[in-house]
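Worksheet for the structure shown next.
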Amino acid sequence: MATRDDCLALVLLEEKKAKEAIEKLEKAYPNAAYYLKFATPIDLVVAAILSAQTRDEVVNAITPDLFRKYKTAMDYANAKPQELENLIRGVSFAGNKARNVISACKIIAEKYNGMVPDRMDELLDLPGIGRKTANTILINAYNKVEGIPVDTWVIKLSGRIGLSMGKKPDDIEQDLMRITDKKHWHNLAYVMKAHGKKICHSQVPLCSKCLIKALCPKNNVTKSL
Ligand code: SF4
């Protein structure tokens, strides 16, 4: 697990180099894509709520049965909390997440006629949904790009590569939006995750094998130690 200091930029990369690093990463992972399985916007809302502090593999193992049993916002709104909690037992904070899914789906069923809203402010009003999840839903359910989902990989790599000195996800998102062209926003988080899993590992990044090692401040600081 990275420490908070590890997630803070050692040196802020100048904007031109930051753009270059992002372009290189994007080219290196052309198939990077959202990692949770879903078929409908309501599936995505539920999977995204379940995924907080839980590995994707765990969520993807649970959701097929869940999506077979509950198909609409009304189905979830009418679910018994204990029954839903039992079905999602493998995720962290299953009780809280079950309650959030039911509460969010009640609002979607009653206020939005069962349709997941496609506006940031409306998504942010739903229990269990913050800006990262709202961005994820807008991008992947509606192809609407208003921002960048900032997950733990984005926080970690943005700090290491020197793309942001921000400590909070919202600040990091603003920094990334300022230095990147909008065409990168929809999959930047998935590109960073792919690079983190393959090369820029949490504990020991494989800097010698990294295609942006000449640009990355963390590699250059580590080399000089
Ligand atoms: S050079 Fe090292 S720290 Fe920098 S992005 Fe590559 S693997 Fe990560």
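To be explicit about the labels: the chains of the structure tokens are called A, B, and onward in the order shown, and within each one the residues are counted from 1, while ligands get numbers from 1 in the order they are shown.
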Can you tell me which residues sit at most 9 Å away from ligand 1, counting only C-alpha atoms and all ligand atoms, written as a ChimeraX atom specification? /A:21,157-158,160-162,195-196,198-202,204-220,222
Take the residues just selected and output them with C-alpha atoms as a PDB file, in the first residue's frame.
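Written output follows (again-v5.pdb):
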ATOM      1  CA  ALA A  21       3.936  11.365 -20.787  1.00  0.00           C
ATOM      2  CA  LEU A 157       0.486   7.672 -10.658  1.00  0.00           C
ATOM      3  CA  SER A 158      -0.372  11.376 -10.821  1.00  0.00           C
ATOM      4  CA  ARG A 160       4.701   9.710  -9.032  1.00  0.00           C
ATOM      5  CA  ILE A 161       4.731  11.162 -12.548  1.00  0.00           C
ATOM      6  CA  GLY A 162       4.427  14.700 -11.237  1.00  0.00           C
ATOM      7  CA  HIS A 195       0.280   1.026 -16.466  1.00  0.00           C
ATOM      8  CA  GLY A 196       0.123   0.632 -12.683  1.00  0.00           C
ATOM      9  CA  LYS A 198       1.851  -3.814 -15.571  1.00  0.00           C
ATOM     10  CA  ILE A 199       4.820  -1.570 -14.703  1.00  0.00           C
ATOM     11  CA  CYS A 200       4.270   1.117 -12.071  1.00  0.00           C
ATOM     12  CA  HIS A 201       3.474  -1.329  -9.285  1.00  0.00           C
ATOM     13  CA  SER A 202       2.329  -0.074  -5.900  1.00  0.00           C
ATOM     14  CA  VAL A 204       8.158  -1.541  -6.348  1.00  0.00           C
ATOM     15  CA  PRO A 205       7.658   0.219  -9.687  1.00  0.00           C
ATOM     16  CA  LEU A 206       9.618  -1.309 -12.560  1.00  0.00           C
ATOM     17  CA  CYS A 207      11.135   2.023 -13.600  1.00  0.00           C
ATOM     18  CA  SER A 208      13.887   0.498 -15.738  1.00  0.00           C
ATOM     19  CA  LYS A 209      11.198  -1.033 -17.998  1.00  0.00           C
ATOM     20  CA  CYS A 210       8.973   2.048 -18.091  1.00  0.00           C
ATOM     21  CA  LEU A 211       8.378   3.872 -21.368  1.00  0.00           C
ATOM     22  CA  ILE A 212       8.178   7.242 -19.607  1.00  0.00           C
ATOM     23  CA  LYS A 213      11.182   6.777 -17.338  1.00  0.00           C
ATOM     24  CA  ALA A 214      13.059   9.639 -19.011  1.00  0.00           C
ATOM     25  CA  LEU A 215      10.222  11.989 -18.109  1.00  0.00           C
ATOM     26  CA  CYS A 216       9.181  10.667 -14.705  1.00  0.00           C
ATOM     27  CA  PRO A 217      10.480  12.594 -11.668  1.00  0.00           C
ATOM     28  CA  LYS A 218      10.147   9.595  -9.351  1.00  0.00           C
ATOM     29  CA  ASN A 219      12.427   7.484 -11.535  1.00  0.00           C
ATOM     30  CA  ASN A 220      14.960  10.291 -11.756  1.00  0.00           C
ATOM     31  CA  THR A 222      15.200   7.216  -7.214  1.00  0.00           C
TER      32      THR A 222
END
Please identify every residue of segment 55-173 of chain A that has at least one atom no farther than 10 Å from an atom of segment 38-51 of chain A, counting only C-alpha atoms, and for each give the shortest atom pair and the distance in Å to one decimal, arranged by chain then increasing number, as JSON lines.
{"residue": "A:Arg55", "atom": "CA", "partner": "A:Ser51", "partner_atom": "CA", "distance": 6.7}
{"residue": "A:Asp56", "atom": "CA", "partner": "A:Ser51", "partner_atom": "CA", "distance": 6.5}
{"residue": "A:Glu57", "atom": "CA", "partner": "A:Ser51", "partner_atom": "CA", "distance": 9.6}
{"residue": "A:Val58", "atom": "CA", "partner": "A:Ser51", "partner_atom": "CA", "distance": 8.4}
{"residue": "A:Val59", "atom": "CA", "partner": "A:Ser51", "partner_atom": "CA", "distance": 6.2}
{"residue": "A:Asn60", "atom": "CA", "partner": "A:Ala47", "partner_atom": "CA", "distance": 8.1}
{"residue": "A:Ile62", "atom": "CA", "partner": "A:Ala47", "partner_atom": "CA", "distance": 9.2}
{"residue": "A:Thr63", "atom": "CA", "partner": "A:Ala47", "partner_atom": "CA", "distance": 6.9}
{"residue": "A:Pro64", "atom": "CA", "partner": "A:Phe38", "partner_atom": "CA", "distance": 8.6}
{"residue": "A:Leu66", "atom": "CA", "partner": "A:Asp43", "partner_atom": "CA", "distance": 9.0}
{"residue": "A:Phe67", "atom": "CA", "partner": "A:Asp43", "partner_atom": "CA", "distance": 6.7}
{"residue": "A:Tyr70", "atom": "CA", "partner": "A:Asp43", "partner_atom": "CA", "distance": 8.9}
{"residue": "A:Lys71", "atom": "CA", "partner": "A:Asp43", "partner_atom": "CA", "distance": 7.6}
{"residue": "A:Thr72", "atom": "CA", "partner": "A:Ile42", "partner_atom": "CA", "distance": 6.7}
{"residue": "A:Ala73", "atom": "CA", "partner": "A:Ile42", "partner_atom": "CA", "distance": 6.5}
{"residue": "A:Tyr76", "atom": "CA", "partner": "A:Val46", "partner_atom": "CA", "distance": 9.2}
{"residue": "A:Ile88", "atom": "CA", "partner": "A:Leu50", "partner_atom": "CA", "distance": 8.1}
{"residue": "A:Gly90", "atom": "CA", "partner": "A:Leu50", "partner_atom": "CA", "distance": 9.8}
{"residue": "A:Val91", "atom": "CA", "partner": "A:Leu50", "partner_atom": "CA", "distance": 6.6}
{"residue": "A:Ser92", "atom": "CA", "partner": "A:Leu50", "partner_atom": "CA", "distance": 8.0}
{"residue": "A:Phe93", "atom": "CA", "partner": "A:Leu50", "partner_atom": "CA", "distance": 8.8}
{"residue": "A:Ala94", "atom": "CA", "partner": "A:Leu50", "partner_atom": "CA", "distance": 7.9}
{"residue": "A:Asn96", "atom": "CA", "partner": "A:Leu50", "partner_atom": "CA", "distance": 9.7}
{"residue": "A:Lys97", "atom": "CA", "partner": "A:Leu50", "partner_atom": "CA", "distance": 6.2}
{"residue": "A:Ala98", "atom": "CA", "partner": "A:Leu50", "partner_atom": "CA", "distance": 8.3}
{"residue": "A:Asn100", "atom": "CA", "partner": "A:Ile49", "partner_atom": "CA", "distance": 7.7}
{"residue": "A:Val101", "atom": "CA", "partner": "A:Val46", "partner_atom": "CA", "distance": 6.2}
{"residue": "A:Ile102", "atom": "CA", "partner": "A:Val46", "partner_atom": "CA", "distance": 9.4}
{"residue": "A:Ala104", "atom": "CA", "partner": "A:Val45", "partner_atom": "CA", "distance": 8.8}
{"residue": "A:Cys105", "atom": "CA", "partner": "A:Ile42", "partner_atom": "CA", "distance": 8.3}
{"residue": "A:Ile108", "atom": "CA", "partner": "A:Ile42", "partner_atom": "CA", "distance": 9.1}
{"residue": "A:Gly114", "atom": "CA", "partner": "A:Ile42", "partner_atom": "CA", "distance": 8.7}
{"residue": "A:Met115", "atom": "CA", "partner": "A:Ile42", "partner_atom": "CA", "distance": 7.8}
{"residue": "A:Val116", "atom": "CA", "partner": "A:Pro41", "partner_atom": "CA", "distance": 6.3}
{"residue": "A:Pro117", "atom": "CA", "partner": "A:Pro41", "partner_atom": "CA", "distance": 9.2}
{"residue": "A:Asp118", "atom": "CA", "partner": "A:Pro41", "partner_atom": "CA", "distance": 9.7}
{"residue": "A:Leu123", "atom": "CA", "partner": "A:Val45", "partner_atom": "CA", "distance": 9.6}
{"residue": "A:Leu126", "atom": "CA", "partner": "A:Val45", "partner_atom": "CA", "distance": 9.9}
{"residue": "A:Pro127", "atom": "CA", "partner": "A:Ile49", "partner_atom": "CA", "distance": 9.0}
{"residue": "A:Gly128", "atom": "CA", "partner": "A:Ile49", "partner_atom": "CA", "distance": 6.0}
{"residue": "A:Ile129", "atom": "CA", "partner": "A:Ile49", "partner_atom": "CA", "distance": 6.7}
{"residue": "A:Gly130", "atom": "CA", "partner": "A:Ile49", "partner_atom": "CA", "distance": 9.4}
{"residue": "A:Lys132", "atom": "CA", "partner": "A:Ala48", "partner_atom": "CA", "distance": 9.4}
{"residue": "A:Thr133", "atom": "CA", "partner": "A:Ala48", "partner_atom": "CA", "distance": 6.3}
{"residue": "A:Ala134", "atom": "CA", "partner": "A:Val45", "partner_atom": "CA", "distance": 8.8}
{"residue": "A:Thr136", "atom": "CA", "partner": "A:Ala48", "partner_atom": "CA", "distance": 8.0}
{"residue": "A:Ile137", "atom": "CA", "partner": "A:Leu44", "partner_atom": "CA", "distance": 6.8}
{"residue": "A:Leu138", "atom": "CA", "partner": "A:Pro41", "partner_atom": "CA", "distance": 9.3}
{"residue": "A:Asn140", "atom": "CA", "partner": "A:Leu44", "partner_atom": "CA", "distance": 8.3}
{"residue": "A:Ala141", "atom": "CA", "partner": "A:Pro41", "partner_atom": "CA", "distance": 5.4}
{"residue": "A:Tyr142", "atom": "CA", "partner": "A:Pro41", "partner_atom": "CA", "distance": 8.3}
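As for atom CA of Pro169 of chain A and atom CA of Val150 of chain A, they are spaced 5.8 Å apart.
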Tell me, which residues of segment 27-164 of chain A carry DSSP alpha helix (DSSP H), written as a PyMOL selection string? chain A and resi 27-28+41-50+56-69+73-77+81-87+94-111+120-124+131-142+152-161
Near-Asp151 of chain A list (10 Å; only C-alpha atoms; drop same-chain fewer than 5 positions) as JSON, numbers by chain: {"A": [52, 53, 132, 133, 156, 169, 173, 189, 190, 192, 193]}
Quick one: everything within 8 Å of segment 176-182 of chain A, counting only C-alpha atoms, minus sequence neighbours fewer than 3 positions away in the same chain. Send it as a PyMOL selection string. chain A and resi 15+18-19+22+147-148+163-164+172-173+185-186
Atom CA of Val11 of chain A to atom CA of Tyr34 of chain A, distance in Å rounded to a single decimal: 29.2 Å
Return the single residue from A:Leu12, A:Ala109, A:Ala61, A:Ile139 that is closest to His184 of chain A, with distances computed using only C-alpha atoms.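 The answer is A:Ile139, which sits nearest to His184 of chain A.
Between atom CA of Ala77 of chain A and atom CA of Leu36 of chain A the interatomic distance comes to 21.9 Å.
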Would you mind telling me which residue in A:Thr152, A:Asn143, A:Asn86, A:Gln203 lies nearest to Asn187 of chain A when using only C-alpha atoms?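 Of the candidates, the smallest distance to Asn187 of chain A is held by A:Asn143.
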Near-Ala28 of chain A list (9 Å; only C-alpha atoms; drop same-chain fewer than 3 positions) as a PyMOL selection string: chain A and resi 23-25+31+191+195+211
